[in-house]
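For reference, the structure is listed below as structure tokens.
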Amino acid sequence: MLRVEHINLHYGKSQALWGVSLAAAEGAITCVLGRNGVGKTSTLRAITGQHRPSGGRITFDGHDITTMAPAERARRGIAFVPQGREIFPLLTVKENLETGFGVLPRNRRRIDDEIFALFPVLGKMLNRRGGDLSGGQQQQLAIGRAMVTNPKLIVLDEPTEGIQPSIIKDIGNVLKYLRDQRGMAVLLVEQYLDFARELADRILVMDRGQIVLDGAPDKIDEAAIKAHLTV
Ligand SMILES: Nc1ncnc2c1ncn2[C@@H]1O[C@H](COP(=O)(O)OP(=O)(O)OP(=O)(O)O)[C@@H](O)[C@H]1O
């Protein structure tokens, strides 16, 4: 579904990514692990179209999307749950969910009951402001907002960051549901190894702007992963 092939990415003269390649398959959770500052978010920025790579190619469903605008990628089925969630604090939960409507044709602009079944708290708090929600509830709202666009690929940047364990577990279950029941491709960036091991069908580890390990969770050497995750 998604293929990232040998991408380089620069911020001015400073190179953040060096020949990064990865794939996110339909019906699978792919997890990219790495410490702060190794290029995980930059990789996602290239995939979602927020920063153009300086080399390499990104394809989605067989189409080259390397230079495509973010909104066009969203229309084609790529949804993004950014780091820090980026909920609109003054909009209600319902209005936050409706911001996903922009990429949908008019006749498909509805919030599916499935979202409230997966995140009952959103249904209960529909008219509350986004800013009144706890961090964990905001993360659920950010995932719900991504689901409104009915994506084929959902890309999440550190969804467990600053979130209490019970909600981390709920989020893990929702990601499994999206993989198993909806056949979505899930691409997840994480620093939290246990969460990745529990969910991922494939783990990649980044260090200093490159992919340094890549394999199935039961095949990849845990000591090697940990060596790259500790400073
Ligand atoms: N807008 C920017 N301008 C200049 N340099 C940047 C910018 N964003 C990131 N960088 C640099 O690029 C490198 C990779 O950063 P990136 O945010 O992709 O890492 P990360 O693995 O996602 O880290 P984190 O977990 O902190 O988000 C770092 O050296 C960072 O300082």
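Each chain in the structure tokens gets a letter, A, B, ..., in the order shown, and its residues are numbered from 1; ligands are numbered from 1 in order too.
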
Note to self: I need the residues of region 9-147 of chain A that end up classed as strand (DSSP E) by DSSP on the backbone, written out as a PyMOL selection string.
What the structure shows: chain A and resi 9-11+14-24+28-33+55-60+63-64+78-81

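Non-sequential neighbours of region 89-97 of chain A (distance at most 9 Å, separation of 6 or more positions within a chain, only C-alpha atoms) are A:Ile111, A:Leu122, A:Gly123, A:Met125, A:Leu126, A:Asn127, A:Arg128, A:Arg129, A:Gly130, A:Gly131, A:Asp132, A:Leu133, A:Leu141, A:Ala142, A:Gly144, A:Arg145, A:Ala146, A:Met147, A:Val148.
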
- Task: Enumerate as a PyMOL selection string the residues within 7 Å of ligand 1, counting only C-alpha atoms and all ligand atoms.
- Result: chain A and resi 11+16+34-43+209

Output file for the residues above (N, CA and C atoms, as a PDB file, in the first residue's frame):
ATOM      1  N   TYR A  11      16.639  19.907   6.241  1.00  0.00           N
ATOM      2  CA  TYR A  11      16.140  21.178   6.773  1.00  0.00           C
ATOM      3  C   TYR A  11      17.244  22.186   6.462  1.00  0.00           C
ATOM      4  N   ALA A  16      18.425  15.401   7.590  1.00  0.00           N
ATOM      5  CA  ALA A  16      17.778  14.667   8.696  1.00  0.00           C
ATOM      6  C   ALA A  16      17.519  13.201   8.336  1.00  0.00           C
ATOM      7  N   GLY A  34      12.496   4.608  17.790  1.00  0.00           N
ATOM      8  CA  GLY A  34      13.763   5.354  17.810  1.00  0.00           C
ATOM      9  C   GLY A  34      13.732   6.412  18.886  1.00  0.00           C
ATOM     10  N   ARG A  35      14.917   6.814  19.311  1.00  0.00           N
ATOM     11  CA  ARG A  35      15.027   7.864  20.330  1.00  0.00           C
ATOM     12  C   ARG A  35      14.548   9.206  19.775  1.00  0.00           C
ATOM     13  N   ASN A  36      14.535  10.214  20.656  1.00  0.00           N
ATOM     14  CA  ASN A  36      14.248  11.587  20.229  1.00  0.00           C
ATOM     15  C   ASN A  36      15.253  12.032  19.178  1.00  0.00           C
ATOM     16  N   GLY A  37      14.729  12.689  18.146  1.00  0.00           N
ATOM     17  CA  GLY A  37      15.628  13.363  17.208  1.00  0.00           C
ATOM     18  C   GLY A  37      16.296  12.479  16.169  1.00  0.00           C
ATOM     19  N   VAL A  38      15.869  11.225  16.025  1.00  0.00           N
ATOM     20  CA  VAL A  38      16.534  10.340  15.034  1.00  0.00           C
ATOM     21  C   VAL A  38      15.890  10.415  13.642  1.00  0.00           C
ATOM     22  N   GLY A  39      14.750  11.136  13.540  1.00  0.00           N
ATOM     23  CA  GLY A  39      14.135  11.321  12.221  1.00  0.00           C
ATOM     24  C   GLY A  39      12.783  10.662  12.032  1.00  0.00           C
ATOM     25  N   LYS A  40      12.163  10.216  13.119  1.00  0.00           N
ATOM     26  CA  LYS A  40      10.860   9.538  12.988  1.00  0.00           C
ATOM     27  C   LYS A  40       9.802  10.518  12.468  1.00  0.00           C
ATOM     28  N   THR A  41       9.713  11.683  13.115  1.00  0.00           N
ATOM     29  CA  THR A  41       8.700  12.661  12.694  1.00  0.00           C
ATOM     30  C   THR A  41       9.003  13.162  11.285  1.00  0.00           C
ATOM     31  N   SER A  42      10.272  13.337  10.962  1.00  0.00           N
ATOM     32  CA  SER A  42      10.626  13.798   9.607  1.00  0.00           C
ATOM     33  C   SER A  42      10.162  12.786   8.560  1.00  0.00           C
ATOM     34  N   THR A  43      10.280  11.500   8.885  1.00  0.00           N
ATOM     35  CA  THR A  43       9.814  10.452   7.960  1.00  0.00           C
ATOM     36  C   THR A  43       8.304  10.607   7.745  1.00  0.00           C
ATOM     37  N   GLY A 209      18.885   9.265  11.515  1.00  0.00           N
ATOM     38  CA  GLY A 209      18.360   9.516  10.181  1.00  0.00           C
ATOM     39  C   GLY A 209      18.324   8.321   9.239  1.00  0.00           C
TER      40      GLY A 209
END

With distances taken over only C-alpha atoms, the candidate from A:Asp194, A:Asp170, A:Pro159, A:His228 nearest Met206 (chain A) is A:His228

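Taking only C-alpha atoms into account, Ala69 (chain A) lies nearest to A:Ala46 out of the set A:Val212, A:Val81, A:Ala46, A:Leu153.
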
Closest of A:Ala79, A:Ile211, A:Met184, A:Ile154 to Val32 (chain A), counting only C-alpha atoms, is A:Ile211

**Prompt:** Which residues, written as number ranges by chain, have at least one atom at most 12 Å from His6 (chain A), with only C-alpha atoms counted and residues fewer than 2 positions away on the same chain left out?
**Reply:** A: 3-4, 8-9, 17-23, 43, 46, 53-59, 66, 209-211

Using backbone DSSP assignments, extract all helix (DSSP H, G or I) residues from region 60-201 of chain A; output them as an MDAnalysis selection string.
chainID A and resid 70:76 93:103 106:108 113:118 120:124 130:132 135:148 165:180 193:199

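Among A:Pro217, A:Pro120, A:Gly77, A:Gly84, the residue with the shortest atom-to-atom distance to Gly100 (chain A), counting only C-alpha atoms, is A:Gly77.
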
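For Glu72 (chain A), the residues within 12 Å (counting only C-alpha atoms, excluding itself and residues fewer than 6 positions away along the chain) are Thr48, Gly49, Gln50, Phe60, Ile65, Thr66, Ile78, Ala79, Gly102, Val103 and Leu104 of chain A.
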
Could you turn the residues from that selection into a file that holds C-alpha atoms, as a short mmCIF file (atom, residue, chain, number, x, y, z; two decimals), in the first residue's frame?
data_model
loop_
_atom_site.label_atom_id
_atom_site.label_comp_id
_atom_site.auth_asym_id
_atom_site.auth_seq_id
_atom_site.Cartn_x
_atom_site.Cartn_y
_atom_site.Cartn_z
CA THR A 48 1.97 13.08 4.82
CA GLY A 49 3.35 15.81 2.55
CA GLN A 50 4.34 18.40 5.13
CA PHE A 60 0.70 4.90 -2.32
CA ILE A 65 2.83 10.82 -4.21
CA THR A 66 6.33 12.18 -3.45
CA ILE A 78 -3.84 8.78 4.16
CA ALA A 79 -4.88 10.05 7.61
CA GLY A 102 -12.92 18.73 4.33
CA VAL A 103 -11.46 15.86 2.33
CA LEU A 104 -14.77 13.99 1.85
#

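Computed from the coordinates, the CA of Glu222 (chain A) to CA of Ala28 (chain A) distance equals 20.5 Å.
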
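Around Asp201 (chain A), within 9 Å and counting only C-alpha atoms, the residues found are Ala28, Ile29, Thr30, Cys31, Gly215, Ala216 and Pro217 of chain A, once anything fewer than 6 positions away on its own chain is removed.
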
Keeping only N, CA and C atoms, write the selected residues to a file as a JSON list (two decimals), in the first residue's frame.
[["chain", "number", "residue", "atom", "x", "y", "z"],
["A", 28, "ALA", "N", -1.97, -4.57, 8.42],
["A", 28, "ALA", "CA", -0.78, -4.79, 9.25],
["A", 28, "ALA", "C", -0.42, -3.52, 10.00],
["A", 29, "ILE", "N", 0.18, -3.71, 11.18],
["A", 29, "ILE", "CA", 0.68, -2.57, 11.96],
["A", 29, "ILE", "C", 2.20, -2.55, 11.82],
["A", 30, "THR", "N", 2.71, -1.46, 11.29],
["A", 30, "THR", "CA", 4.15, -1.28, 11.11],
["A", 30, "THR", "C", 4.59, -0.22, 12.10],
["A", 31, "CYS", "N", 5.62, -0.53, 12.88],
["A", 31, "CYS", "CA", 6.02, 0.40, 13.92],
["A", 31, "CYS", "C", 7.46, 0.85, 13.75],
["A", 215, "GLY", "N", 12.39, -5.89, 10.93],
["A", 215, "GLY", "CA", 12.00, -7.30, 10.94],
["A", 215, "GLY", "C", 10.72, -7.55, 11.73],
["A", 216, "ALA", "N", 10.30, -8.81, 11.77],
["A", 216, "ALA", "CA", 9.13, -9.20, 12.56],
["A", 216, "ALA", "C", 9.50, -9.13, 14.05],
["A", 217, "PRO", "N", 8.55, -8.76, 14.93],
["A", 217, "PRO", "CA", 8.88, -8.58, 16.35],
["A", 217, "PRO", "C", 9.50, -9.82, 17.00]]

>> Can you tell me which residues surround Ala223 (chain A) at a distance of at most 12 Å, considering only C-alpha atoms, apart from same-chain residues fewer than 5 positions away, and format the answer as a PyMOL selection string?
In response: chain A and resi 193+213+228-230

CA of Leu204 (chain A) to CA of Ile87 (chain A) measures 28.2 Å

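Each of A:Ile203, A:Leu178, A:Leu156, A:Ala24 was compared to Asp218 (chain A) using only C-alpha atoms, and A:Ile203 turns out to be the nearest.
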
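The interatomic distance for the pair CA of Gly162 (chain A) and CA of Gln139 (chain A) works out to 9.9 Å.
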